[in-house]
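start-v9.txt (compact mmCIF, C-alpha atoms) appears below.
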```txt
# COMPACT_ATOMS: atom_id res chain seq x y z
CA MET A 1 33.65 -33.64 -53.47
CA ARG A 2 30.90 -32.19 -55.61
CA VAL A 3 30.32 -28.46 -55.57
CA GLY A 4 27.26 -27.62 -53.54
CA THR A 5 27.43 -30.63 -51.22
CA PRO A 6 26.15 -29.56 -47.78
CA PRO A 7 28.95 -29.19 -45.22
CA GLY A 8 27.25 -31.69 -42.94
CA ILE A 9 27.43 -34.38 -45.61
CA ARG A 10 31.08 -33.60 -46.27
CA THR A 11 31.81 -33.94 -42.55
CA LEU A 12 29.96 -37.27 -42.45
CA ARG A 13 32.08 -38.61 -45.29
CA THR A 14 35.31 -37.81 -43.43
CA TYR A 15 34.05 -38.70 -39.93
CA ARG A 16 36.52 -40.55 -37.73
CA ARG A 17 35.45 -43.32 -35.39
CA GLU A 18 37.53 -41.92 -32.52
CA TRP A 19 35.42 -38.73 -32.57
CA LEU A 20 32.14 -40.52 -31.78
CA LEU A 21 32.44 -40.89 -28.00
CA LYS A 22 33.66 -37.29 -27.61
CA ASP A 23 30.76 -35.94 -29.68
CA LEU A 24 28.24 -38.00 -27.71
CA ILE A 25 29.56 -36.83 -24.34
CA ALA A 26 29.71 -33.21 -25.51
CA GLY A 27 26.13 -33.46 -26.78
CA VAL A 28 24.88 -34.65 -23.39
CA VAL A 29 26.74 -31.84 -21.61
CA LEU A 30 25.46 -29.28 -24.12
CA SER A 31 21.83 -30.34 -23.72
CA THR A 32 21.96 -29.57 -19.99
CA LEU A 33 22.71 -25.95 -20.91
CA LEU A 34 20.38 -25.69 -23.91
CA VAL A 35 17.17 -26.43 -21.99
CA PRO A 36 17.27 -23.78 -19.23
CA GLN A 37 18.83 -21.16 -21.50
CA GLY A 38 16.32 -21.87 -24.27
CA MET A 39 13.38 -21.37 -21.92
CA ALA A 40 14.92 -18.28 -20.30
CA TYR A 41 15.72 -16.57 -23.60
CA ALA A 42 12.24 -17.33 -24.93
CA GLU A 43 10.73 -15.45 -22.00
CA LEU A 44 13.25 -12.65 -22.58
CA ALA A 45 11.80 -12.37 -26.09
CA GLY A 46 8.27 -12.22 -24.68
CA LEU A 47 7.36 -15.79 -25.71
CA PRO A 48 6.29 -19.01 -23.93
CA PRO A 49 9.25 -21.09 -22.63
CA ILE A 50 8.42 -24.08 -24.87
CA THR A 51 9.22 -22.02 -27.99
CA GLY A 52 12.83 -21.77 -26.81
CA LEU A 53 13.11 -25.56 -26.85
CA TYR A 54 11.48 -25.84 -30.28
CA THR A 55 13.89 -23.20 -31.57
CA SER A 56 16.93 -24.95 -30.10
CA VAL A 57 16.04 -28.28 -31.71
CA LEU A 58 15.36 -26.97 -35.20
CA CYS A 59 18.33 -24.62 -35.48
CA LEU A 60 20.73 -27.34 -34.26
CA LEU A 61 19.37 -29.78 -36.84
CA ALA A 62 19.56 -27.23 -39.67
CA TYR A 63 23.06 -26.03 -38.81
CA ALA A 64 24.32 -29.61 -38.55
CA VAL A 65 23.47 -29.99 -42.24
CA ALA A 66 24.30 -26.53 -43.60
CA GLY A 67 26.87 -25.13 -41.15
CA PRO A 68 30.50 -24.85 -42.31
CA SER A 69 31.91 -24.78 -38.77
CA ARG A 70 32.38 -28.06 -36.95
CA VAL A 71 32.05 -26.59 -33.46
CA LEU A 72 29.74 -23.55 -33.50
CA VAL A 73 26.51 -23.97 -31.51
CA LEU A 74 23.39 -22.06 -32.54
CA GLY A 75 20.31 -21.31 -30.51
CA PRO A 76 18.25 -18.66 -28.72
CA ASP A 77 20.55 -15.84 -27.70
CA SER A 78 20.46 -13.21 -24.97
CA SER A 79 21.53 -10.49 -27.39
CA LEU A 80 18.59 -11.17 -29.75
CA GLY A 81 15.89 -11.57 -27.08
CA PRO A 82 15.34 -7.85 -26.46
CA MET A 83 15.37 -7.18 -30.20
CA ILE A 84 12.68 -9.80 -30.80
CA ALA A 85 10.59 -8.40 -27.96
CA ALA A 86 11.03 -4.84 -29.22
CA THR A 87 9.76 -5.96 -32.63
CA ILE A 88 6.75 -8.12 -31.73
CA LEU A 89 5.42 -6.64 -28.47
CA PRO A 90 4.18 -3.36 -30.06
CA LEU A 91 2.19 -5.47 -32.54
CA LEU A 92 0.37 -7.48 -29.87
CA ALA A 93 -3.07 -6.65 -28.56
CA ALA A 94 -3.50 -5.51 -24.97
CA ASP A 95 -4.26 -9.08 -23.82
CA GLY A 96 -0.85 -10.29 -25.06
CA ASP A 97 -2.21 -13.30 -27.01
CA SER A 98 0.57 -15.92 -26.88
CA ALA A 99 -0.53 -17.61 -30.12
CA ARG A 100 -0.22 -14.32 -32.00
CA ALA A 101 3.14 -13.63 -30.35
CA ILE A 102 4.41 -17.01 -31.55
CA ALA A 103 3.13 -16.35 -35.07
CA LEU A 104 4.84 -12.95 -35.19
CA ALA A 105 8.11 -14.36 -33.84
CA SER A 106 8.02 -17.24 -36.32
CA MET A 107 7.45 -14.89 -39.25
CA LEU A 108 10.30 -12.74 -37.92
CA ALA A 109 12.56 -15.82 -37.98
CA LEU A 110 11.50 -16.57 -41.57
CA MET A 111 12.30 -12.99 -42.58
CA VAL A 112 15.69 -13.07 -40.87
CA GLY A 113 16.36 -16.38 -42.59
CA ALA A 114 15.39 -15.04 -45.99
CA ILE A 115 17.55 -11.93 -45.56
CA THR A 116 20.64 -13.87 -44.51
CA LEU A 117 20.14 -16.56 -47.16
CA LEU A 118 19.90 -13.97 -49.92
CA ALA A 119 22.89 -12.08 -48.54
CA GLY A 120 24.93 -15.27 -48.43
CA VAL A 121 24.01 -16.24 -51.98
CA ALA A 122 24.87 -12.70 -53.13
CA ARG A 123 28.20 -12.99 -51.23
CA LEU A 124 27.55 -10.01 -49.00
CA GLY A 125 29.46 -11.36 -46.00
CA PHE A 126 31.20 -8.00 -45.60
CA VAL A 127 27.89 -6.52 -44.38
CA ALA A 128 28.64 -7.94 -40.94
CA ASP A 129 31.56 -5.50 -40.72
CA LEU A 130 29.19 -2.50 -40.71
CA ILE A 131 29.27 -2.60 -36.93
CA SER A 132 32.81 -1.75 -35.90
CA LYS A 133 34.44 -3.14 -32.77
CA PRO A 134 34.06 0.01 -30.61
CA THR A 135 30.41 0.48 -31.50
CA MET A 136 29.74 -3.24 -31.00
CA ILE A 137 31.21 -2.95 -27.49
CA GLY A 138 28.94 0.00 -26.73
CA TYR A 139 25.92 -1.75 -28.24
CA MET A 140 26.52 -4.86 -26.12
CA ASN A 141 27.05 -2.76 -22.98
CA GLY A 142 23.75 -0.99 -23.59
CA LEU A 143 22.06 -4.31 -24.28
CA ALA A 144 23.43 -5.79 -21.04
CA LEU A 145 22.06 -2.82 -19.08
CA THR A 146 18.68 -3.08 -20.81
CA ILE A 147 18.39 -6.82 -20.13
CA LEU A 148 19.43 -6.43 -16.50
CA ILE A 149 16.85 -3.72 -15.76
CA GLY A 150 14.14 -5.61 -17.63
CA GLN A 151 14.65 -8.77 -15.56
CA LEU A 152 14.61 -7.10 -12.13
CA PRO A 153 10.79 -7.18 -11.71
CA LYS A 154 10.72 -10.93 -12.44
CA LEU A 155 13.55 -11.42 -9.96
CA PHE A 156 11.52 -9.55 -7.33
CA GLY A 157 8.36 -11.54 -8.03
CA PHE A 158 6.17 -9.03 -9.90
CA SER A 159 5.73 -7.66 -13.41
CA THR A 160 5.38 -4.27 -15.09
CA ASP A 161 4.06 -3.03 -18.43
CA ALA A 162 6.70 -0.31 -18.80
CA ASP A 163 8.58 0.11 -22.07
CA GLY A 164 11.98 1.78 -22.38
CA LEU A 165 14.86 1.81 -19.92
CA ILE A 166 13.92 4.94 -17.96
CA ARG A 167 10.26 3.95 -17.65
CA GLU A 168 11.26 0.40 -16.66
CA VAL A 169 13.47 1.77 -13.89
CA GLU A 170 10.64 4.00 -12.68
CA ALA A 171 8.12 1.12 -12.78
CA PHE A 172 10.48 -1.20 -10.91
CA VAL A 173 11.18 1.34 -8.17
CA GLN A 174 7.45 2.08 -7.90
CA GLY A 175 6.65 -1.64 -7.64
CA VAL A 176 9.16 -2.09 -4.83
CA ALA A 177 7.83 1.02 -3.06
CA ASP A 178 4.27 -0.30 -3.34
CA GLY A 179 5.24 -3.53 -1.57
CA GLN A 180 4.88 -5.85 -4.57
CA THR A 181 8.19 -7.57 -3.80
CA VAL A 182 7.99 -11.31 -3.00
CA ALA A 183 10.74 -12.01 -0.47
CA ALA A 184 11.01 -15.69 -1.38
CA SER A 185 11.40 -14.78 -5.06
CA VAL A 186 14.25 -12.38 -4.28
CA ALA A 187 15.96 -15.01 -2.14
CA VAL A 188 15.69 -17.68 -4.83
CA GLY A 189 16.76 -15.40 -7.69
CA GLY A 190 19.60 -13.80 -5.77
CA GLY A 191 20.84 -17.18 -4.57
CA CYS A 192 20.76 -18.54 -8.15
CA ILE A 193 22.75 -15.58 -9.49
CA LEU A 194 25.33 -15.92 -6.73
CA LEU A 195 25.65 -19.67 -7.29
CA ILE A 196 26.16 -19.31 -11.06
CA LEU A 197 28.78 -16.57 -10.68
CA LEU A 198 30.68 -18.44 -7.97
CA LEU A 199 30.75 -21.72 -9.90
CA GLN A 200 31.81 -19.97 -13.10
CA ARG A 201 34.63 -18.26 -11.23
CA LEU A 202 35.83 -21.05 -8.94
CA MET A 203 34.97 -24.21 -10.91
CA PRO A 204 34.62 -23.23 -14.57
CA LYS A 205 34.56 -26.83 -15.80
CA ILE A 206 31.36 -27.57 -13.87
CA PRO A 207 28.10 -26.68 -15.74
CA ALA A 208 27.02 -23.87 -13.42
CA VAL A 209 23.57 -23.37 -14.97
CA LEU A 210 22.76 -27.09 -14.69
CA VAL A 211 23.80 -27.21 -11.02
CA MET A 212 21.71 -24.12 -10.30
CA VAL A 213 18.64 -25.54 -12.09
CA VAL A 214 18.80 -28.85 -10.21
CA LEU A 215 19.16 -27.11 -6.84
CA ALA A 216 16.41 -24.59 -7.66
CA ILE A 217 13.96 -27.35 -8.57
CA ALA A 218 14.87 -29.26 -5.42
CA ALA A 219 14.36 -26.15 -3.28
CA SER A 220 11.02 -25.49 -4.97
CA VAL A 221 9.78 -29.00 -4.13
CA VAL A 222 11.19 -29.20 -0.60
CA PHE A 223 10.08 -25.74 0.54
CA ASP A 224 6.82 -25.50 -1.50
CA LEU A 225 7.98 -22.22 -2.99
CA ASP A 226 4.79 -21.79 -5.00
CA GLU A 227 2.94 -21.54 -1.68
CA HIS A 228 5.19 -18.59 -0.80
CA GLY A 229 4.34 -16.65 -3.96
CA VAL A 230 7.19 -17.88 -6.18
CA LYS A 231 6.00 -18.54 -9.72
CA THR A 232 7.21 -21.71 -11.47
CA VAL A 233 7.55 -22.71 -15.13
CA GLY A 234 4.79 -25.32 -14.99
CA ARG A 235 4.34 -28.37 -17.16
CA LEU A 236 5.55 -27.93 -20.74
CA PRO A 237 3.40 -29.09 -23.70
CA GLU A 238 4.06 -32.72 -24.57
CA GLY A 239 5.18 -33.81 -28.03
CA LEU A 240 7.38 -32.86 -30.97
CA PRO A 241 7.67 -29.32 -32.39
CA PRO A 242 4.65 -28.76 -34.68
CA PHE A 243 5.14 -27.71 -38.30
CA THR A 244 3.31 -24.39 -38.58
CA VAL A 245 3.16 -21.75 -41.30
CA PRO A 246 2.69 -18.47 -39.35
CA HIS A 247 -0.36 -16.40 -40.27
CA ILE A 248 -0.15 -12.65 -39.67
CA GLY A 249 -1.75 -9.51 -41.06
CA TRP A 250 -0.36 -7.46 -43.95
CA ASP A 251 0.04 -4.49 -41.60
CA ASP A 252 2.53 -6.49 -39.54
CA LEU A 253 4.97 -7.11 -42.39
CA GLY A 254 6.56 -3.63 -42.41
CA PRO A 255 7.47 -3.47 -38.69
CA LEU A 256 8.62 -7.09 -38.76
CA PHE A 257 10.87 -6.45 -41.76
CA VAL A 258 12.55 -3.49 -40.04
CA GLY A 259 13.20 -5.64 -36.98
CA ALA A 260 14.42 -8.52 -39.14
CA LEU A 261 17.05 -6.30 -40.79
CA GLY A 262 18.48 -5.28 -37.42
CA ILE A 263 18.39 -8.82 -36.04
CA ALA A 264 20.05 -10.23 -39.17
CA LEU A 265 22.87 -7.69 -38.94
CA VAL A 266 23.60 -8.36 -35.26
CA SER A 267 23.25 -12.13 -35.71
CA LEU A 268 25.71 -12.15 -38.60
CA ALA A 269 28.21 -9.92 -36.82
CA ASP A 270 28.01 -12.15 -33.75
CA THR A 271 28.24 -15.35 -35.80
CA ILE A 272 31.21 -14.34 -37.90
CA SER A 273 33.11 -13.01 -34.88
CA ASN A 274 32.49 -16.25 -32.98
CA ALA A 275 33.36 -18.33 -36.04
CA SER A 276 36.64 -16.44 -36.43
CA ALA A 277 37.55 -16.86 -32.77
CA PHE A 278 36.91 -20.60 -32.64
CA ALA A 279 38.33 -21.25 -36.12
CA ALA A 280 41.63 -19.71 -35.01
CA ARG A 281 41.76 -22.23 -32.16
CA THR A 282 40.87 -25.27 -34.27
CA GLY A 283 42.73 -24.43 -37.48
CA GLN A 284 39.58 -24.08 -39.60
CA GLU A 285 38.94 -21.47 -42.27
CA VAL A 286 36.14 -18.95 -41.79
CA ARG A 287 33.75 -18.70 -44.75
CA GLY A 288 31.52 -15.73 -44.04
CA ASN A 289 29.11 -16.24 -46.93
CA ASP A 290 28.64 -19.92 -46.10
CA GLU A 291 27.95 -18.95 -42.49
CA MET A 292 25.26 -16.53 -43.70
CA ILE A 293 23.58 -19.31 -45.67
CA ALA A 294 23.75 -21.65 -42.67
CA ILE A 295 22.34 -19.05 -40.28
CA GLY A 296 19.58 -18.34 -42.79
CA SER A 297 18.73 -22.03 -43.03
CA ALA A 298 18.61 -22.36 -39.25
CA ASN A 299 16.27 -19.38 -38.92
CA VAL A 300 13.94 -20.67 -41.63
CA ALA A 301 13.80 -24.08 -39.94
CA ALA A 302 13.02 -22.47 -36.57
CA GLY A 303 10.37 -20.22 -38.12
CA LEU A 304 8.46 -23.18 -39.56
CA PHE A 305 8.23 -24.92 -36.19
CA GLN A 306 7.01 -22.13 -33.89
CA GLY A 307 10.52 -20.85 -33.24
CA PHE A 308 12.12 -17.41 -33.28
CA PRO A 309 15.36 -15.86 -34.66
CA VAL A 310 18.65 -17.42 -33.56
CA SER A 311 22.35 -16.70 -33.56
CA THR A 312 25.52 -18.43 -32.45
CA SER A 313 26.41 -18.56 -28.78
CA GLY A 314 29.99 -18.10 -27.67
CA SER A 315 29.25 -19.54 -24.21
CA ARG A 316 27.47 -22.67 -25.49
CA THR A 317 30.13 -23.20 -28.15
CA ALA A 318 32.83 -22.93 -25.49
CA VAL A 319 31.00 -25.49 -23.33
CA ALA A 320 30.77 -27.91 -26.26
CA GLU A 321 34.42 -27.40 -27.14
CA ARG A 322 35.58 -27.93 -23.54
CA ALA A 323 33.48 -31.12 -23.42
CA GLY A 324 35.41 -32.48 -26.41
CA ALA A 325 33.09 -31.73 -29.37
CA LYS A 326 34.66 -32.58 -32.72
CA THR A 327 31.76 -32.14 -35.17
CA GLN A 328 28.15 -31.02 -35.43
CA LEU A 329 27.10 -34.46 -34.22
CA THR A 330 27.32 -32.78 -30.81
CA GLY A 331 24.42 -30.51 -31.77
CA LEU A 332 22.42 -33.43 -33.15
CA VAL A 333 22.81 -35.30 -29.86
CA GLY A 334 21.71 -32.18 -27.94
CA ALA A 335 18.63 -31.80 -30.19
CA ALA A 336 17.74 -35.49 -29.83
CA LEU A 337 17.90 -35.30 -26.02
CA ILE A 338 15.62 -32.24 -25.96
CA LEU A 339 13.12 -34.08 -28.17
CA LEU A 340 13.22 -37.11 -25.85
CA MET A 341 12.53 -34.84 -22.90
CA LEU A 342 9.54 -33.25 -24.66
CA VAL A 343 8.07 -36.65 -25.52
CA LEU A 344 8.88 -38.62 -22.37
CA LEU A 345 9.45 -36.08 -19.57
CA PRO A 346 7.51 -32.86 -20.33
CA GLY A 347 7.02 -32.25 -16.61
CA LEU A 348 10.74 -32.38 -15.79
CA PHE A 349 11.04 -28.60 -15.32
CA ARG A 350 7.54 -28.07 -13.90
CA ASP A 351 8.84 -26.91 -10.52
CA LEU A 352 11.63 -24.69 -11.84
CA PRO A 353 11.14 -21.22 -10.26
CA GLN A 354 10.73 -18.29 -12.63
CA PRO A 355 13.35 -16.27 -10.69
CA ALA A 356 15.85 -19.00 -11.62
CA LEU A 357 15.21 -18.28 -15.31
CA ALA A 358 15.66 -14.58 -14.56
CA ALA A 359 18.99 -15.48 -12.96
CA VAL A 360 20.07 -17.27 -16.15
CA VAL A 361 19.26 -14.20 -18.23
CA ILE A 362 20.88 -11.74 -15.79
CA THR A 363 24.15 -13.69 -15.61
CA ALA A 364 24.14 -13.93 -19.40
CA SER A 365 23.66 -10.15 -19.63
CA LEU A 366 26.68 -9.64 -17.39
CA SER A 367 28.76 -11.66 -19.83
CA LEU A 368 27.62 -9.40 -22.69
CA ALA A 369 29.08 -6.31 -21.04
CA ASP A 370 32.72 -5.56 -21.83
CA VAL A 371 33.88 -3.11 -19.18
CA ALA A 372 37.56 -3.98 -19.75
CA GLY A 373 37.21 -3.30 -23.48
CA THR A 374 35.53 0.03 -22.77
CA MET A 375 38.33 1.12 -20.43
CA ARG A 376 40.90 0.02 -23.00
CA LEU A 377 39.25 2.28 -25.57
CA TRP A 378 39.41 5.17 -23.07
CA ARG A 379 43.14 4.67 -22.58
CA GLN A 380 44.04 4.10 -26.22
CA ARG A 381 41.64 6.03 -28.46
CA LYS A 382 39.27 8.58 -27.00
CA ALA A 383 37.32 9.00 -30.24
CA GLU A 384 36.44 5.30 -30.35
CA PHE A 385 35.53 5.41 -26.67
CA TRP A 386 32.95 8.13 -27.34
CA LEU A 387 31.61 6.13 -30.30
CA SER A 388 31.15 3.25 -27.89
CA VAL A 389 29.34 5.53 -25.42
CA ALA A 390 27.09 6.85 -28.21
CA ALA A 391 26.09 3.28 -29.12
CA LEU A 392 25.41 2.47 -25.45
CA LEU A 393 23.21 5.55 -25.02
CA GLY A 394 21.45 4.79 -28.29
CA VAL A 395 20.38 1.39 -27.00
CA ALA A 396 19.62 2.52 -23.45
CA LEU A 397 17.67 5.70 -24.26
CA LEU A 398 16.21 5.13 -27.73
CA GLY A 399 15.63 1.39 -27.62
CA VAL A 400 17.30 -1.75 -28.92
CA LEU A 401 16.41 -1.43 -32.61
CA PRO A 402 17.17 2.32 -32.91
CA GLY A 403 20.41 1.56 -31.05
CA ILE A 404 21.50 -0.57 -33.99
CA GLY A 405 20.93 2.37 -36.30
CA VAL A 406 23.09 4.53 -34.05
CA ALA A 407 25.82 1.85 -34.03
CA VAL A 408 25.83 1.45 -37.81
CA GLY A 409 25.62 5.21 -38.38
```

Is it possible to express this structure as structure tokens?
Amino acid sequence: MRVGTPPGIRTLRTYRREWLLKDLIAGVVLSTLLVPQGMAYAELAGLPPITGLYTSVLCLLAYAVAGPSRVLVLGPDSSLGPMIAATILPLLAADGDSARAIALASMLALMVGAITLLAGVARLGFVADLISKPTMIGYMNGLALTILIGQLPKLFGFSTDADGLIREVEAFVQGVADGQTVAASVAVGGGCILLILLLQRLMPKIPAVLVMVVLAIAASVVFDLDEHGVKTVGRLPEGLPPFTVPHIGWDDLGPLFVGALGIALVSLADTISNASAFAARTGQEVRGNDEMIAIGSANVAAGLFQGFPVSTSGSRTAVAERAGAKTQLTGLVGAALILLMLVLLPGLFRDLPQPALAAVVITASLSLADVAGTMRLWRQRKAEFWLSVAALLGVALLGVLPGIGVAVG
């Protein structure tokens, strides 16, 4: 093999025929998870749902070529959504122009990609170790709490303009007290959360999110939920992801760069930890610098097609692995199916209730929290427990991006 040959090409050269059916099946299963999660995490980042699908397609294609791992799955991530929102929302005008939000998020993805590409070329893979395990636990706990509180208004059928955990809690309580709650929205969202958690607990091999989405759409059609005040996703734009060079102002570059540094650090830490965990199970070797280059390539690809920053997903990777995935062909199949949906069936998720997307995000936030790990720190090393608490408070009280600074410090 020649030095510098992309990992995807090397995998293609050694591909075994007996892997094909397993990769195809795993790709179909994976796509059923990618679509609802992609749309939900796009809204978590303050962006239109369609951008989550564009992002999923491009990062899967890029990682299939450049990614050293045969099983890792990239895409929009619940841990990055609040960071993206915290970076771009302060730069938006009061009317919240979606086109400008997309441009800012795309430029943010390009910056994250450039940072991680340069770091990978310079062999700075050790940078991901700046966030230690105890502080990462605290950071994720704080992030889970922030996401949960932020999604409650959508679950209850209204919205707020509050920023910051304490103000969001106050705005949510005030909204409920003022009678803004939509009972049907609460019923749908609460039922979706309960269904996902029960299926994940009792029947883990069944794609819980897919089952929930199908039932939520059916309920929306049968009971005319939009007539009862429940907002739905609506028809998605038809066609392939458009190639777009984002145009922003010079004044936006500084705040975006600060956000990009934090997002790159968390994305790399998450990616390398996931790569290590799954490599240990499959007998592969983890190459941190190559992962940085692959993540950078995926972010650049997403940024040029109206996407936003991405990371690896432990849950989606686990789904692909359980479905029998052997190579990155699984991701290519998932990307191809999303593209077919956008071209042939753009109205497929038209009747999906917004509270169902909130349920996807809330259940994902619960998986981010590591209560057991926190209690283990308390029993074993008190100093590391308080470091974890400091990181949690940094995220919850100061905000997501300053929380990273607290964690690294």

How many Å lie between atom CA of A:Leu165 and atom CA of A:Arg376, rounded to one decimal?
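According to the coordinates, atom CA of A:Leu165 and atom CA of A:Arg376 are separated by 26.3 Å.
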
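Atom CA of A:Val57 lies 18.7 Å from atom CA of A:Arg235.
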
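Distance annotation: of A:Met107, A:Leu225, A:Leu118, A:Leu33, the residue with the minimal separation from A:Ile206 is A:Leu33; atom set is only C-alpha atoms.
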
Exercise: A:Arg322 partners within 12 Å, all atoms listed in the file, chain neighbours under 6 positions left out, as a PyMOL selection string
chain A and resi 22-23+25-27+29-30+71+204-207+278+315-316

Atomic separation - atom CA of A:Ala99 relative to atom CA of A:Gly254, Å
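Computing it gives 19.9 Å between the two atoms.
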
Which residue is closest to A:Val400? Choose from A:Thr87, A:Thr327, A:Gln380, A:Asn299 and count only C-alpha atoms.
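Checking each of A:Thr87, A:Thr327, A:Gln380, A:Asn299 against A:Val400, counting only C-alpha atoms, the winner is A:Thr87.
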
For A:Ser311, which residue out of A:Ala101, A:Val65, A:Ala294, A:Leu368 is the nearest one, using all atoms listed in the file?
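Counting all atoms listed in the file, the residue closest to A:Ser311 is A:Ala294.
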
Of the residues A:Ile84, A:Met140, A:Ala62, A:Val371, which is the one nearest to A:Gly262, using all atoms listed in the file?
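So, comparing all the options, the nearest one is A:Ile84.
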
Selection near stretch 159-161 of chain A, 10 Å with only C-alpha atoms, sequence-local residues under 2 positions removed, as a VMD selection string
chain A and resid 150 to 157 163 167 to 168 171 to 172 174 to 175 180 to 181

Of the residues A:Ala364, A:Leu143, A:Ala298, A:Leu340, which is the one nearest to A:Gly164, using all atoms listed in the file?
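Nearest to A:Gly164: A:Leu143.
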